[in-house]
Amino acid sequence: MVIGVAWAFFQKPFPELASFTTDWIQPLGRIFIKLLYLVAVPLVFSSLIVGMGSLKSVAELKSIGKHTFLIFLTTLVSATIVGLSLAYIISPGRKIEHLAVNQTVSEKISSFQHAEKSSETFIGAFSTLLPDNMVHALSNNSMMLQVVLIAFLLGIALSKMTGDAKNKILDALDAVQSWFTAVIHLIMSFAPIGVFALVAALELNSEVLLSLGLYMFTVVLGLSIMLFVIYPLCFTTLGKTKYTDFFVKSRAVLLMAFSTSSSNATLPLTLNVVKEKFHVPDNISNFVVSVGATINMDGTALYKCVAVYFIAQSLGVELTLAQLFIIVLTSILSTAGAAGIPGAGMITLVVILQTVGLPAEGIVLILAPDRILDMFRTVVNVAGDISTSLCVNGLAQRKNTA
Ligand code: ASP
């Protein structure tokens, strides 16, 4: 990223270098983006169905399931509200007068602004989201939310099935998920070159850099509010855990989440700490932590809201209330569909951009600082799972003593 920034500034006075960048470096960035697109549909599709399909425990653990999902949903909605409010107040993208975009991008922006006027009501916007052809939706990158909705439908149906067929489907999709996770690792090994190429080809100036700094500040501030204000409100009241106790006992997990940027990689340690240090019983900790590692990603949802707002602002697009509602909805749904691996949030960000009709190329802007922000948001994702385990346990104890 640093080399990319240096290149972008260095090439400015030399026209020959600029054409070298366009002909040789920019395509590398495009390849990287295309590879990310390539895996988005199968990854979201398989991990969401596996996540929903294996929820037979919801029936078994009726009240645990209900409490868990209620808390997941409440914190997810809070995260999107915190993210959008901060993005609105700080407005990191406003600093950029006009981001240099190519013609196709400008065309997409104007068609977006045009389309925006036709969908005025929430229900109207939602009715256009529903797909009527599964194969068409699955083969179309711009219909990612439809893919998520289909996966939800298939996943819920699968969770209601019993017997051999269900297990076969789950095993197969689980294998597909691991397969695509391996593909992501491969693609991510190309990330340094991809990020360099994308940044080097950007028309960087101090305005853009200042905005990126402000954008990072907005995301980190939002994440801090979740970690130090919203979660403590939950675990000190419902979870009967002291403020400092939470951070002292979960310190190792949060550090692990920070350094791996992966909720999945942190999962064994999270489980261990929730059981051993917070003394949450097995039936609650196993359920909340493992489902939470994929579904409950407040940090990722918050980051996506700020990122979409930032991208829209820097492209000079005003978002309507209906659009904001769609951003919240898609952030929550696509976050549930994101695997707990490095960069998953950024990949599923494409879902939101395409759903609200913003050019997915906008992702170029926020790619550069993504690795660092991934570390911070993963900490919040994992802290959310611990906090929810404590709350569900607190509620279960209350019920038992009542
Ligand atoms: N890295 C995050 C996690 O594993 C997901 C993301 O936001 O990219 O929780």
# chains A, B, ... in the order shown; residues from 1 in each chain; ligands from 1

call {"tool": "residues_near_ligand", "arguments": {"ligand": "ligand 1", "cutoff": "9 Å", "atoms": "only C-alpha atoms and all ligand atoms", "output": "number ranges by chain"}}
result
A: 257, 260-266, 293-294, 296-301, 303-304, 335, 338-348, 370-371, 373-382

call {"tool": "residues_around", "arguments": {"residues": "Ser91 (chain A)", "least_positions_apart": "4", "cutoff": "8 Å", "atoms": "only C-alpha atoms", "output": "list in words"}}
result
Leu86, Ala87, Lys95, Phe310 and Gln313 of chain A

call {"tool": "atom_distance", "arguments": {"atom1": "CA of Val5 (chain A)", "atom2": "CA of Gly357 (chain A)"}}
result
28.2 Å

call {"tool": "closest_atom_pairs", "arguments": {"of": "region 286-381 of chain A", "to": "region 127-138 of chain A", "cutoff": "12 Å", "atoms": "only C-alpha atoms", "output": "JSON lines"}}
result
{"residue": "A:Ile326", "atom": "CA", "partner": "A:Leu129", "partner_atom": "CA", "distance": 9.7}
{"residue": "A:Leu329", "atom": "CA", "partner": "A:Leu129", "partner_atom": "CA", "distance": 11.3}
{"residue": "A:Thr330", "atom": "CA", "partner": "A:Leu129", "partner_atom": "CA", "distance": 10.6}
{"residue": "A:Gln354", "atom": "CA", "partner": "A:Leu129", "partner_atom": "CA", "distance": 11.7}
{"residue": "A:Thr355", "atom": "CA", "partner": "A:Leu129", "partner_atom": "CA", "distance": 8.4}
{"residue": "A:Val356", "atom": "CA", "partner": "A:Leu129", "partner_atom": "CA", "distance": 10.3}
{"residue": "A:Gly357", "atom": "CA", "partner": "A:Leu129", "partner_atom": "CA", "distance": 11.9}

call {"tool": "write_last_selection", "arguments": {"atoms": "C-alpha atoms", "output": "PDB file, in the first residue's frame"}}
result
ATOM      1  CA  ILE A 326     -31.237  -1.141   2.123  1.00  0.00           C
ATOM      2  CA  LEU A 329     -30.565  -4.609   5.654  1.00  0.00           C
ATOM      3  CA  THR A 330     -27.870  -5.784   3.261  1.00  0.00           C
ATOM      4  CA  GLN A 354     -24.078  -3.732  -6.115  1.00  0.00           C
ATOM      5  CA  THR A 355     -27.413  -3.895  -4.362  1.00  0.00           C
ATOM      6  CA  VAL A 356     -27.683  -0.148  -3.857  1.00  0.00           C
ATOM      7  CA  GLY A 357     -26.396   0.271  -7.389  1.00  0.00           C
TER       8      GLY A 357
END

call {"tool": "closest_residue", "arguments": {"among": "A:Leu221, A:Val147, A:Val291, A:Val248", "to": "Phe72 (chain A)", "atoms": "only C-alpha atoms"}}
result
A:Val291

call {"tool": "residues_around", "arguments": {"residues": "Thr270 (chain A)", "least_positions_apart": "4", "cutoff": "12 Å", "atoms": "only C-alpha atoms", "output": "PyMOL selection string"}}
result
chain A and resi 249-257+262-266+274-278+280+285-286+288-290+292-293+379+381-387+389

call {"tool": "atom_distance", "arguments": {"atom1": "CA of Leu76 (chain A)", "atom2": "CA of Ser334 (chain A)"}}
result
11.7 Å

call {"tool": "atom_distance", "arguments": {"atom1": "CA of Leu70 (chain A)", "atom2": "CA of Ser46 (chain A)"}}
result
23.8 Å

call {"tool": "residues_around", "arguments": {"residues": "Pro27 (chain A)", "least_positions_apart": "6", "cutoff": "9 Å", "atoms": "only C-alpha atoms", "output": "list in words"}}
result
Thr21, Ala197 and Leu198 of chain A

call {"tool": "write_last_selection", "arguments": {"atoms": "N, CA and C atoms", "output": "mmCIF file, in the first residue's frame"}}
result
data_model
loop_
_atom_site.group_PDB
_atom_site.id
_atom_site.type_symbol
_atom_site.label_atom_id
_atom_site.label_comp_id
_atom_site.auth_asym_id
_atom_site.auth_seq_id
_atom_site.Cartn_x
_atom_site.Cartn_y
_atom_site.Cartn_z
ATOM 1 N N THR A 21 1.682 2.891 -16.006
ATOM 2 C CA THR A 21 0.771 2.504 -14.918
ATOM 3 C C THR A 21 -0.567 2.028 -15.490
ATOM 4 N N ALA A 197 -1.169 -2.288 -7.038
ATOM 5 C CA ALA A 197 -1.607 -1.893 -8.375
ATOM 6 C C ALA A 197 -2.812 -0.964 -8.304
ATOM 7 N N LEU A 198 -3.738 -1.277 -7.400
ATOM 8 C CA LEU A 198 -4.947 -0.458 -7.295
ATOM 9 C C LEU A 198 -4.632 0.947 -6.792
#

call {"tool": "closest_residue", "arguments": {"among": "A:Val82, A:Ile49, A:Val220, A:Ile225", "to": "Ala172 (chain A)", "atoms": "only C-alpha atoms"}}
result
A:Ile49

call {"tool": "closest_residue", "arguments": {"among": "A:Leu238, A:Val195, A:Val41, A:Phe287", "to": "Lys399 (chain A)", "atoms": "only C-alpha atoms"}}
result
A:Leu238
